[in-house]
Each structure stands twice: as C-alpha cells, then as structure tokens.
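As provided, run_1.txt (compact mmCIF, C-alpha atoms) reads as follows.
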```txt
# COMPACT_ATOMS: atom_id res chain seq x y z
CA MET O 1 -8.90 9.12 -21.42
CA LYS O 2 -7.09 6.44 -19.38
CA ALA O 3 -3.43 7.03 -18.61
CA LEU O 4 -2.50 3.34 -19.00
CA LYS O 5 -5.11 2.33 -21.57
CA ASN O 6 -2.56 0.43 -23.69
CA LEU O 7 -1.04 -1.56 -20.83
CA LYS O 8 -2.13 -5.19 -20.38
CA VAL O 9 -1.25 -6.73 -17.01
CA ILE O 10 -1.42 -10.42 -16.12
CA ASP O 11 -1.93 -10.65 -12.36
CA LEU O 12 -0.84 -13.96 -10.80
CA SER O 13 -0.62 -12.50 -7.30
CA GLN O 14 -2.86 -12.92 -4.28
CA VAL O 15 -3.64 -11.52 -0.82
CA MET O 16 -2.28 -7.92 -0.60
CA ALA O 17 1.07 -6.71 -2.00
CA GLY O 18 0.58 -7.91 -5.58
CA PRO O 19 -3.17 -7.26 -5.81
CA TYR O 20 -2.76 -3.72 -4.43
CA CYS O 21 -0.09 -3.04 -7.06
CA THR O 22 -2.26 -4.32 -9.92
CA MET O 23 -5.35 -2.52 -8.56
CA SER O 24 -3.38 0.73 -8.68
CA LEU O 25 -2.45 0.05 -12.31
CA ALA O 26 -6.06 -0.86 -13.10
CA ASP O 27 -7.31 2.36 -11.48
CA MET O 28 -5.07 4.26 -13.90
CA GLY O 29 -6.61 2.46 -16.87
CA ALA O 30 -4.52 -0.67 -17.39
CA GLU O 31 -6.35 -3.82 -18.48
CA VAL O 32 -5.65 -6.25 -15.63
CA ILE O 33 -6.48 -9.93 -15.99
CA LYS O 34 -6.35 -11.65 -12.62
CA VAL O 35 -5.43 -15.32 -12.99
CA GLU O 36 -6.62 -17.20 -9.91
CA LYS O 37 -5.52 -20.70 -8.95
CA TYR O 38 -7.85 -23.62 -9.56
CA PRO O 39 -10.15 -24.47 -7.80
CA ASN O 40 -10.44 -22.05 -4.84
CA GLY O 41 -8.87 -18.85 -6.15
CA ASP O 42 -7.08 -16.11 -4.21
CA ASP O 43 -6.64 -16.99 -0.51
CA THR O 44 -8.20 -13.63 0.36
CA ARG O 45 -11.57 -15.01 -0.76
CA GLU O 46 -11.58 -16.95 2.53
CA MET O 47 -11.11 -13.81 4.65
CA GLY O 48 -14.16 -12.12 6.18
CA PRO O 49 -16.25 -10.10 6.53
CA TYR O 50 -18.58 -11.38 3.80
CA GLU O 51 -21.39 -9.83 1.79
CA ASN O 52 -23.69 -12.48 0.29
CA GLY O 53 -20.81 -14.94 0.56
CA GLU O 54 -18.25 -12.67 -1.15
CA SER O 55 -15.17 -11.59 0.79
CA TYR O 56 -15.06 -7.85 1.39
CA CYS O 57 -11.25 -8.06 1.76
CA TYR O 58 -10.98 -9.60 -1.71
CA MET O 59 -13.39 -7.13 -3.27
CA MET O 60 -11.61 -4.14 -1.75
CA ILE O 61 -8.29 -4.65 -3.58
CA ASN O 62 -9.34 -6.38 -6.80
CA ARG O 63 -11.64 -3.83 -8.40
CA ASN O 64 -11.31 -2.82 -12.06
CA LYS O 65 -9.90 -6.27 -12.97
CA LYS O 66 -11.12 -9.14 -15.12
CA GLY O 67 -10.89 -12.51 -13.40
CA ILE O 68 -10.20 -16.00 -14.73
CA ARG O 69 -9.62 -19.29 -12.91
CA LEU O 70 -6.86 -21.48 -14.38
CA ASN O 71 -5.11 -24.68 -13.35
CA LEU O 72 -1.43 -23.98 -13.92
CA LYS O 73 -0.36 -27.41 -12.63
CA GLU O 74 -1.65 -29.08 -15.79
CA PRO O 75 -0.02 -28.78 -19.25
CA GLU O 76 -3.24 -27.52 -20.85
CA GLY O 77 -3.45 -24.77 -18.24
CA LYS O 78 0.14 -23.71 -18.92
CA GLU O 79 -0.59 -23.55 -22.65
CA VAL O 80 -3.55 -21.25 -22.07
CA PHE O 81 -1.39 -19.11 -19.78
CA LYS O 82 1.38 -18.84 -22.37
CA LYS O 83 -1.13 -17.63 -24.95
CA LEU O 84 -2.16 -14.97 -22.47
CA ILE O 85 1.49 -13.98 -21.92
CA LYS O 86 1.99 -13.49 -25.68
CA GLU O 87 -0.60 -10.73 -25.52
CA GLY O 88 0.56 -9.20 -22.20
CA ASP O 89 2.86 -6.34 -21.29
CA VAL O 90 3.37 -6.98 -17.56
CA LEU O 91 3.22 -10.01 -15.27
CA VAL O 92 3.00 -9.62 -11.49
CA GLU O 93 3.44 -12.63 -9.19
CA ASN O 94 4.11 -13.13 -5.48
CA PHE O 95 4.82 -16.83 -5.13
CA ARG O 96 7.61 -17.95 -2.82
CA PRO O 97 10.90 -17.84 -4.80
CA GLY O 98 11.36 -21.01 -6.83
CA VAL O 99 7.67 -21.84 -7.32
CA VAL O 100 7.34 -20.22 -10.77
CA LYS O 101 10.39 -22.16 -11.95
CA LYS O 102 8.73 -25.43 -10.88
CA LEU O 103 5.54 -24.40 -12.68
CA GLY O 104 7.51 -23.55 -15.82
CA ILE O 105 6.34 -19.93 -15.89
CA ASP O 106 9.52 -18.18 -14.71
CA TYR O 107 10.93 -15.10 -16.44
CA GLU O 108 13.56 -16.96 -18.47
CA THR O 109 10.86 -19.23 -19.91
CA LEU O 110 8.27 -16.55 -20.58
CA LYS O 111 10.62 -14.00 -22.14
CA GLU O 112 11.23 -16.52 -24.92
CA ILE O 113 7.53 -16.25 -25.69
CA ASN O 114 7.35 -12.47 -25.20
CA PRO O 115 10.72 -10.63 -25.14
CA LYS O 116 8.94 -7.36 -24.31
CA LEU O 117 7.45 -8.78 -21.11
CA ILE O 118 7.98 -6.84 -17.87
CA TYR O 119 8.00 -9.52 -15.18
CA CYS O 120 7.65 -8.34 -11.57
CA SER O 121 8.15 -10.72 -8.65
CA ILE O 122 7.15 -9.65 -5.14
CA SER O 123 8.32 -11.76 -2.20
CA GLY O 124 9.08 -11.41 1.48
CA TYR O 125 12.87 -11.31 1.26
CA GLY O 126 13.62 -11.05 -2.47
CA GLN O 127 15.00 -13.51 -5.01
CA THR O 128 18.59 -13.37 -3.71
CA GLY O 129 20.30 -13.37 -0.31
CA PRO O 130 20.44 -15.93 2.51
CA TYR O 131 16.76 -15.46 3.44
CA SER O 132 15.38 -15.64 -0.10
CA HIS O 133 14.07 -19.20 0.36
CA LYS O 134 11.92 -18.22 3.35
CA GLY O 135 8.25 -17.42 3.19
CA GLY O 136 7.64 -13.94 4.55
CA PHE O 137 4.55 -12.01 5.55
CA ASP O 138 4.24 -8.33 6.42
CA ILE O 139 4.75 -8.85 10.17
CA MET O 140 8.04 -10.73 9.62
CA ALA O 141 9.23 -7.87 7.41
CA GLN O 142 8.29 -5.36 10.12
CA GLY O 143 10.40 -7.35 12.56
CA LEU O 144 13.45 -7.65 10.30
CA SER O 145 13.38 -4.02 9.16
CA GLY O 146 13.53 -2.74 12.74
CA ILE O 147 10.20 -0.96 12.36
CA MET O 148 8.53 -3.00 15.14
CA SER O 149 11.34 -2.12 17.54
CA MET O 150 10.60 1.60 17.13
CA THR O 151 6.78 1.47 17.08
CA GLY O 152 4.64 2.06 20.16
CA GLU O 153 5.00 3.90 23.43
CA PRO O 154 8.34 3.95 25.29
CA ASP O 155 8.82 0.89 27.56
CA SER O 156 5.97 -0.98 25.85
CA ARG O 157 6.31 -4.35 24.12
CA PRO O 158 7.07 -4.28 20.36
CA ALA O 159 4.09 -3.21 18.26
CA LYS O 160 3.39 -3.63 14.59
CA VAL O 161 2.25 -0.66 12.53
CA GLY O 162 -1.54 -0.52 12.41
CA ILE O 163 -1.64 -1.28 8.67
CA ALA O 164 0.32 -3.80 6.57
CA ILE O 165 3.04 -1.21 5.92
CA HIS O 166 5.56 -3.54 4.21
CA ASP O 167 2.95 -5.13 1.93
CA LEU O 168 1.78 -1.70 0.85
CA ALA O 169 5.33 -0.33 0.52
CA ALA O 170 6.17 -3.30 -1.72
CA ALA O 171 3.00 -2.73 -3.77
CA LEU O 172 3.79 0.93 -4.38
CA THR O 173 7.47 0.19 -5.07
CA ALA O 174 6.29 -2.35 -7.64
CA VAL O 175 3.96 0.21 -9.27
CA ASN O 176 6.81 2.73 -9.57
CA SER O 177 9.19 0.10 -10.90
CA ILE O 178 6.74 -1.30 -13.45
CA LEU O 179 6.01 2.18 -14.81
CA ALA O 180 9.76 2.93 -15.03
CA ALA O 181 10.32 -0.37 -16.86
CA TYR O 182 7.41 0.45 -19.19
CA ILE O 183 8.98 3.81 -20.07
CA HIS O 184 12.27 2.00 -20.73
CA ARG O 185 10.45 -0.47 -22.98
CA LEU O 186 8.77 2.32 -24.92
CA GLU O 187 12.25 3.72 -25.62
CA SER O 188 14.20 0.49 -26.17
CA GLY O 189 11.64 -2.19 -27.01
CA ASN O 190 13.03 -4.42 -24.27
CA GLY O 191 11.25 -5.97 -21.32
CA GLN O 192 13.00 -6.83 -18.05
CA TYR O 193 12.77 -8.61 -14.70
CA ILE O 194 11.94 -6.74 -11.47
CA ASP O 195 12.67 -8.21 -8.03
CA ILE O 196 10.68 -6.54 -5.21
CA SER O 197 11.09 -7.49 -1.54
CA LEU O 198 8.76 -6.59 1.35
CA VAL O 199 11.78 -6.07 3.61
CA ASP O 200 13.64 -3.80 1.15
CA SER O 201 10.54 -1.73 0.39
CA GLY O 202 9.70 -1.07 4.03
CA LEU O 203 13.31 -0.51 5.06
CA ALA O 204 13.64 2.13 2.32
CA LEU O 205 11.01 4.20 4.17
CA THR O 206 13.18 4.56 7.29
CA THR O 207 15.08 7.61 6.06
CA TRP O 208 15.10 9.71 9.26
CA GLU O 209 16.03 6.64 11.30
CA ALA O 210 18.91 5.83 8.96
CA ALA O 211 20.12 9.44 9.21
CA ALA O 212 20.13 9.20 13.01
CA TYR O 213 22.04 5.92 12.98
CA PHE O 214 24.57 6.65 10.22
CA GLY O 215 25.06 10.24 11.31
CA ALA O 216 25.20 9.93 15.09
CA GLY O 217 25.13 6.23 15.95
CA GLU O 218 21.66 6.60 17.46
CA ILE O 219 19.48 3.50 17.55
CA PRO O 220 15.85 4.57 17.06
CA LYS O 221 13.62 3.73 20.00
CA LYS O 222 9.86 3.81 20.50
CA THR O 223 8.66 7.40 20.59
CA GLY O 224 4.88 7.05 20.65
CA SER O 225 3.47 9.89 18.57
CA ARG O 226 6.60 12.03 18.82
CA HIS O 227 8.70 12.87 15.76
CA ARG O 228 12.36 11.84 15.72
CA ILE O 229 13.65 15.25 14.64
CA SER O 230 11.00 17.95 15.09
CA ALA O 231 9.39 19.14 18.33
CA PRO O 232 6.68 19.75 19.25
CA TYR O 233 5.36 17.43 16.54
CA GLN O 234 3.14 14.88 18.29
CA GLY O 235 -0.09 14.12 20.12
CA ILE O 236 -0.75 16.24 23.23
CA LYS O 237 -3.28 15.32 25.93
CA THR O 238 -6.22 17.70 26.24
CA LYS O 239 -9.19 17.92 28.60
CA ASP O 240 -11.19 15.38 26.57
CA GLY O 241 -8.63 13.46 24.48
CA TYR O 242 -5.61 14.24 22.33
CA VAL O 243 -4.73 16.86 19.76
CA LEU O 244 -1.93 16.78 17.20
CA VAL O 245 0.55 19.65 17.18
CA GLY O 246 2.81 20.27 14.18
CA ALA O 247 5.13 23.14 15.14
CA ALA O 248 7.78 21.58 12.95
CA ASN O 249 10.05 24.56 12.28
CA GLN O 250 11.29 27.68 14.11
CA LYS O 251 8.67 30.03 12.66
CA LEU O 252 5.82 27.71 13.64
CA TRP O 253 7.37 27.15 17.08
CA GLU O 254 7.41 30.88 17.73
CA LYS O 255 3.79 31.23 16.59
CA PHE O 256 2.87 28.34 18.86
CA CYS O 257 4.54 29.98 21.86
CA GLU O 258 3.10 33.44 21.24
CA ASN O 259 -0.41 32.63 20.04
CA VAL O 260 -1.37 29.12 21.15
CA VAL O 261 0.07 28.53 24.63
CA GLU O 262 0.75 32.28 25.10
CA LYS O 263 4.19 31.65 26.56
CA PRO O 264 6.56 33.89 24.52
CA GLU O 265 9.28 33.36 27.16
CA TRP O 266 9.65 29.77 25.94
CA ILE O 267 11.24 31.09 22.73
CA LYS O 268 14.29 32.27 24.67
CA ASP O 269 14.46 29.26 26.99
CA GLU O 270 17.86 27.64 26.37
CA ARG O 271 16.27 24.18 26.27
CA PHE O 272 14.03 25.18 23.38
CA LEU O 273 16.19 27.46 21.20
CA SER O 274 16.18 25.11 18.17
CA ASN O 275 14.45 22.03 16.87
CA TYR O 276 17.45 19.98 17.95
CA THR O 277 17.51 21.27 21.52
CA ARG O 278 13.73 20.95 21.82
CA GLN O 279 14.04 17.32 20.81
CA GLN O 280 16.78 16.82 23.42
CA HIS O 281 14.42 18.16 26.10
CA ILE O 282 11.20 16.67 24.77
CA GLU O 283 10.13 15.24 28.15
CA ASP O 284 10.18 18.70 29.75
CA LEU O 285 8.54 20.34 26.74
CA GLU O 286 5.73 17.78 26.49
CA ALA O 287 4.92 18.09 30.21
CA MET O 288 4.83 21.89 30.02
CA ILE O 289 2.50 21.90 27.00
CA GLU O 290 0.19 19.28 28.49
CA ASP O 291 -0.13 21.29 31.72
CA ILE O 292 -1.69 24.02 29.62
CA PHE O 293 -3.59 21.90 27.07
CA GLN O 294 -5.44 19.85 29.69
CA ALA O 295 -7.39 22.94 30.71
CA GLU O 296 -9.42 22.96 27.46
CA ALA O 297 -11.03 20.47 25.06
CA THR O 298 -9.49 19.26 21.79
CA HIS O 299 -11.69 21.42 19.53
CA TYR O 300 -10.59 24.56 21.43
CA TRP O 301 -6.92 23.90 20.67
CA THR O 302 -7.47 22.88 17.03
CA ALA O 303 -9.40 26.12 16.45
CA LYS O 304 -6.72 28.19 18.17
CA MET O 305 -3.92 26.61 16.13
CA GLU O 306 -5.83 27.04 12.88
CA LYS O 307 -6.44 30.72 13.61
CA CYS O 308 -2.73 31.48 13.93
CA GLY O 309 -1.51 29.11 11.19
CA VAL O 310 0.05 26.34 13.29
CA PRO O 311 -0.79 22.91 11.83
CA GLY O 312 -2.87 20.84 14.22
CA GLY O 313 -5.78 18.46 14.26
CA PRO O 314 -7.71 15.72 16.05
CA ILE O 315 -6.96 11.98 16.13
CA LEU O 316 -10.02 10.40 14.54
CA SER O 317 -11.36 6.89 14.85
CA TYR O 318 -11.47 5.06 11.51
CA GLU O 319 -15.25 5.41 11.46
CA GLU O 320 -14.92 9.17 11.93
CA THR O 321 -12.35 9.27 9.11
CA LEU O 322 -14.67 7.57 6.63
CA GLN O 323 -17.42 10.06 7.52
CA ASN O 324 -15.17 13.12 7.52
CA GLU O 325 -16.33 15.98 5.28
CA HIS O 326 -12.90 16.51 3.72
CA VAL O 327 -12.38 12.81 3.00
CA LEU O 328 -15.81 12.64 1.37
CA ALA O 329 -15.25 15.84 -0.61
CA ARG O 330 -12.07 14.30 -2.05
CA ASN O 331 -14.07 11.25 -3.25
CA MET O 332 -12.10 8.86 -1.08
CA VAL O 333 -15.25 6.85 -0.37
CA GLU O 334 -17.07 5.59 -3.46
CA GLU O 335 -19.83 3.11 -4.27
CA VAL O 336 -19.70 0.32 -6.83
CA GLU O 337 -22.17 -2.40 -7.85
CA HIS O 338 -21.03 -6.02 -7.41
CA PRO O 339 -22.93 -8.82 -9.19
CA ILE O 340 -23.33 -10.85 -5.98
CA ALA O 341 -22.58 -8.51 -3.07
CA GLY O 342 -24.70 -5.72 -4.53
CA LYS O 343 -24.00 -2.05 -3.87
CA MET O 344 -20.85 -1.69 -1.78
CA LYS O 345 -18.52 1.03 -0.58
CA VAL O 346 -14.83 1.10 -1.50
CA LEU O 347 -11.95 3.50 -1.02
CA GLY O 348 -11.48 6.03 -3.82
CA VAL O 349 -8.51 6.69 -6.10
CA PRO O 350 -5.94 8.82 -4.23
CA ALA O 351 -4.19 10.56 -7.19
CA LYS O 352 -6.22 13.33 -8.84
CA PHE O 353 -5.20 13.76 -12.51
CA SER O 354 -6.40 16.73 -14.54
CA GLU O 355 -6.35 14.95 -17.93
CA THR O 356 -6.35 11.20 -17.24
CA PRO O 357 -8.15 10.68 -13.92
CA GLY O 358 -8.19 7.24 -12.33
CA LYS O 359 -11.63 5.76 -11.80
CA VAL O 360 -13.42 2.98 -9.96
CA ARG O 361 -14.99 1.50 -13.09
CA ALA O 362 -15.96 -1.98 -11.96
CA SER O 363 -16.20 -4.17 -8.87
CA ALA O 364 -13.83 -7.07 -8.20
CA PRO O 365 -14.56 -10.12 -10.35
CA THR O 366 -16.39 -13.13 -9.00
CA LEU O 367 -14.33 -16.34 -9.13
CA GLY O 368 -13.72 -17.11 -12.81
CA GLN O 369 -16.21 -14.45 -13.96
CA HIS O 370 -14.38 -13.51 -17.18
CA THR O 371 -12.74 -16.85 -18.04
CA LYS O 372 -14.76 -17.49 -21.18
CA GLU O 373 -14.55 -13.86 -22.32
CA VAL O 374 -10.75 -13.75 -21.96
CA LEU O 375 -10.16 -17.15 -23.56
CA LYS O 376 -12.22 -16.18 -26.59
CA THR O 377 -9.88 -13.18 -27.14
CA LEU O 378 -7.07 -15.75 -27.38
CA GLU O 379 -8.96 -17.41 -30.26
CA ILE O 380 -9.87 -20.47 -28.18
CA SER O 381 -13.12 -21.90 -29.51
CA ASP O 382 -16.29 -22.62 -27.53
CA GLU O 383 -15.67 -26.35 -27.98
CA GLU O 384 -12.11 -26.06 -26.62
CA ILE O 385 -13.33 -23.94 -23.71
CA GLU O 386 -15.93 -26.60 -22.84
CA GLU O 387 -13.26 -29.32 -23.03
CA LEU O 388 -10.93 -27.32 -20.71
CA LYS O 389 -13.84 -26.90 -18.30
CA ASN O 390 -14.58 -30.64 -18.30
CA LYS O 391 -10.90 -31.39 -17.61
CA HIS O 392 -10.89 -28.97 -14.64
CA ILE O 393 -8.33 -26.70 -16.30
CA ILE O 394 -10.69 -23.71 -16.06
```

What would the structure in this file look like if it were written as structure tokens?
Amino acid sequence: MKALKNLKVIDLSQVMAGPYCTMSLADMGAEVIKVEKYPNGDDTREMGPYENGESYCYMMINRNKKGIRLNLKEPEGKEVFKKLIKEGDVLVENFRPGVVKKLGIDYETLKEINPKLIYCSISGYGQTGPYSHKGGFDIMAQGLSGIMSMTGEPDSRPAKVGIAIHDLAAALTAVNSILAAYIHRLESGNGQYIDISLVDSGLALTTWEAAAYFGAGEIPKKTGSRHRISAPYQGIKTKDGYVLVGAANQKLWEKFCENVVEKPEWIKDERFLSNYTRQQHIEDLEAMIEDIFQAEATHYWTAKMEKCGVPGGPILSYEETLQNEHVLARNMVEEVEHPIAGKMKVLGVPAKFSETPGKVRASAPTLGQHTKEVLKTLEISDEEIEELKNKHII
C-alpha cells in the first residue's frame, strides 16, 4: 500500500529544492512525472560525478519518477503540457518569478484548465517583496537569513552550512504545504497556490536564535559546535580527536559530573548551577572538561557516557557514516538498478511507516525515458508523437 498512491505530481523543477520535494512525494507513493526542458534537461545532469555518462547528482534526487522531455517554448509543447495538467493534482516549479507567466503556464492560466490543481512555486526570495525579482541560490539565502554569520568557529570568516540547508528546508516546507493543501482539497474540492521561499524556509529554522534576539537582544555569533542554550552540549577534544557531549539538562549534567569526569564538586560550583549559568561560563567549563578528556581516547569517553546514560558520540567522516552499522540497519543506504549507470547506491527513505512504507522503487529516469509512455496516456497517437518528435517538441 502506498500512502500517496492517488496523487499525481507534475514536476517542472530542477537542481535541488523542487526535485527533493517531488522525490519525497514519490517515495511515499505519488506518481511523479518530471517534465524536463528541451533539449538538455535538468541542469543537474551536467553535474558530476558520472556513472557511464549519467550524473550521480541527478540520479540521487530524481528516483521513483517518470521522465519526459518537452519544449514548453513552442505552442505544441504547451498544448501537451496542458493535457498533462488536466490529469494532475500537483504542479511543482522553481523558475525565477515571472518566467511561468511568460511561458503561459502560471497558476491563473492553469487553474482554468484544472480548478483542483495545487500549484507550488519554489524560489529564492518568494513571489512578493522587494527581492522577489532576484535569482537566489542556497548560499545567498544562507547569507540573508543570518545563518552564515553564526556558522563556524569564533573569530573565523563566515562559513556556509556543510549541506544546502535552505534548499532542503524549502523542499521539506513544500512537502508539508502540498500535503496540507491536498487534505484541504479532499475536504473542499478546491486547489490553491503555494509560494515557498528558500529564505523564509531557512529563517523559520532559527527558533533558538530568534528567542535570544527577541527575548534578550542578543545577536547570535559563531559558536563552533557549542549549543546556544545548553551546556555542555558540544564537541570536546580528546586524546585522539573529538567526542560529542550532550549533558543538556540538570539531571544529565549531574550524571556527567559524578560518573563521567568524576568531579561532583562541579555541581555546586556557582558558575555551573544551571544551564543558563553554565552557558555564561562556557569558556571556563570547556577548558576544564578538555583538561580531563585529553587524557583518554574518544572511544573511552563514549563508552563511559553510554554506561551512565549521558548522551555522547563520535564525530564521523561521511564515509564512516555510510558504513555505520546503525545507519545500515535502518536501511539508509540502498541499491537500485539504473538502465545506463547500472547498479548504484542511493540514500534510503527516512520515515518508517508501519502500514504504508515509502520505498525506493525505481532509479531516476534517463532523459526523456518515459515521454512516449506518458503521452500515450493522454490519448496522443503514435503518429502525433512522431510528428512532435520531428518538430523537436519532444
């Protein structure tokens, strides 16, 4: 049983935010038809590394989809697209604001064809506001949201988050919003327009930072691995590397003092009486813990914390993560067969459903792989398909 087996999604997006959103919907069972621009397709196809000429970046976030190639700049291409929209439930696009209007495939136009359509636009800055006309990538959103100003070690130059955090935040915000709109449509019969911005989606994640600013006028600064509220909750240097310590509340702090560092007197130290005061004296606290932790290796401290129930753990390289026994046991690394690339590894489905589990059912489509198959479902004849091909529409 697929949770979204009755949902048909038309995916006009490319690169990351939109494709990650539609991949998530596809993993949950939605039928996703990826419409790629003619002739070269999604820009991600030009991003390495490659396997037999196929982009691994493209294949990683376009699994479980059917793919067609369509020239939307020509009238015949628009007509094919509008037939597709008649049959669709959701459209996802991430063109720069204004482009879909020029192409004649904006929400106001398409809702006349399908009033039940849920139309989701993802852009850097959103469809309104003084920056809406600008093109925006993840790194620009990280800069505008303030996230770059608070990422990295103190006194270091601004650093971006190691992953495309705003793209992914926008993708997941879009998934949530589309599903909410779908529930609304099931109840009312009405579709609607959804405006998702990379900046808004990433900014919405800065809850602790907003609390500090609105509540106390504090401007968040770079804290390295330290938490903004809890302490000790960070990476601590050991004899052979770093270990993560998560003594995030008073009970865990007391366990940490008594059983891990074996310094029960720290509990009554005025600097460390509460989470708040520990955070105020984090420099002293970190130095005191590291004096002790540097006497033993990382695995010694992780074992000691685990024994007494204080959360802790190592900082793994990405290679170590993908080979980790827990990650593998949770099926977060899977294999799929691609028609050109062959057998390849992909990340698994993160949500584990008891009744309607998500599944990696198929690899990403090759460029235009399902064009003929999809067009035939729209009752376009073989002769018409051949004519569209000869005219470079498909």

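If only C-alpha atoms are the atoms counted, then among O:Ala364, O:Ala329, O:Leu7, O:Ile118 the closest residue to Met344 of chain O is O:Ala364.
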
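Among O:Asp167, O:Glu36, O:Asp155, O:Asp200, the residue with the shortest atom-to-atom distance to Gln369 of chain O, counting only C-alpha atoms, is O:Glu36.
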
Distance of atom CA of Leu12 of chain O from atom CA of Glu93 of chain O, expressed in Å to one decimal place: 4.8 Å

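Restricting the calculation to only C-alpha atoms, the smallest distance between Ala362 of chain O and any of O:Glu74, O:Glu334, O:Asp382, O:Glu87 is found for O:Glu334.
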
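For Val100 of chain O, the set of protein, DNA and RNA residues having any atom at most 12 Å away, when counting all atoms listed in the file and skipping those fewer than 5 positions along the same chain, is Leu12, Ser13, Leu72, Lys73, Lys78, Leu91, Val92, Glu93, Asn94, Phe95, Ile105, Asp106, Tyr107, Glu108, Thr109, Leu110, Tyr119, Cys120, Ser121, Ile122 and Gln127 of chain O.
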
Would you pick out the contacts of Pro232 of chain O at 7 Å or less, using only C-alpha atoms, so that residues sharing its chain but fewer than 6 positions from it are not included, and give the list as an mmCIF file with C-alpha atoms, in the coordinates of the input?
```
data_model
loop_
_atom_site.group_PDB
_atom_site.id
_atom_site.type_symbol
_atom_site.label_atom_id
_atom_site.label_comp_id
_atom_site.auth_asym_id
_atom_site.auth_seq_id
_atom_site.Cartn_x
_atom_site.Cartn_y
_atom_site.Cartn_z
ATOM 1 C CA VAL O 245 0.550 19.650 17.180
ATOM 2 C CA GLY O 246 2.810 20.270 14.180
ATOM 3 C CA ALA O 247 5.130 23.140 15.140
ATOM 4 C CA ALA O 248 7.780 21.580 12.950
#
```

Nearest candidate to Cys308 of chain O (options O:Arg69, O:Lys251, O:Arg45, O:His370; using only C-alpha atoms): O:Lys251

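If you look at atom CA of Gly189 of chain O and atom CA of Thr377 of chain O, they are 24.2 Å away from each other.
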
Sel. within 6 Å of pt (-6.6, -13.7, -2.4), counting all atoms listed in the file, output as a VMD selection string: chain O and resid 14 to 15 42 to 45

Export C-alpha atoms of the chosen residues as a compact mmCIF listing (two decimals), in the frame of the given file?
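To be explicit, this is the file written out as result-v4.txt:
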```
# COMPACT_ATOMS: atom_id res chain seq x y z
CA GLN O 14 -2.86 -12.92 -4.28
CA VAL O 15 -3.64 -11.52 -0.82
CA ASP O 42 -7.08 -16.11 -4.21
CA ASP O 43 -6.64 -16.99 -0.51
CA THR O 44 -8.20 -13.63 0.36
CA ARG O 45 -11.57 -15.01 -0.76
```
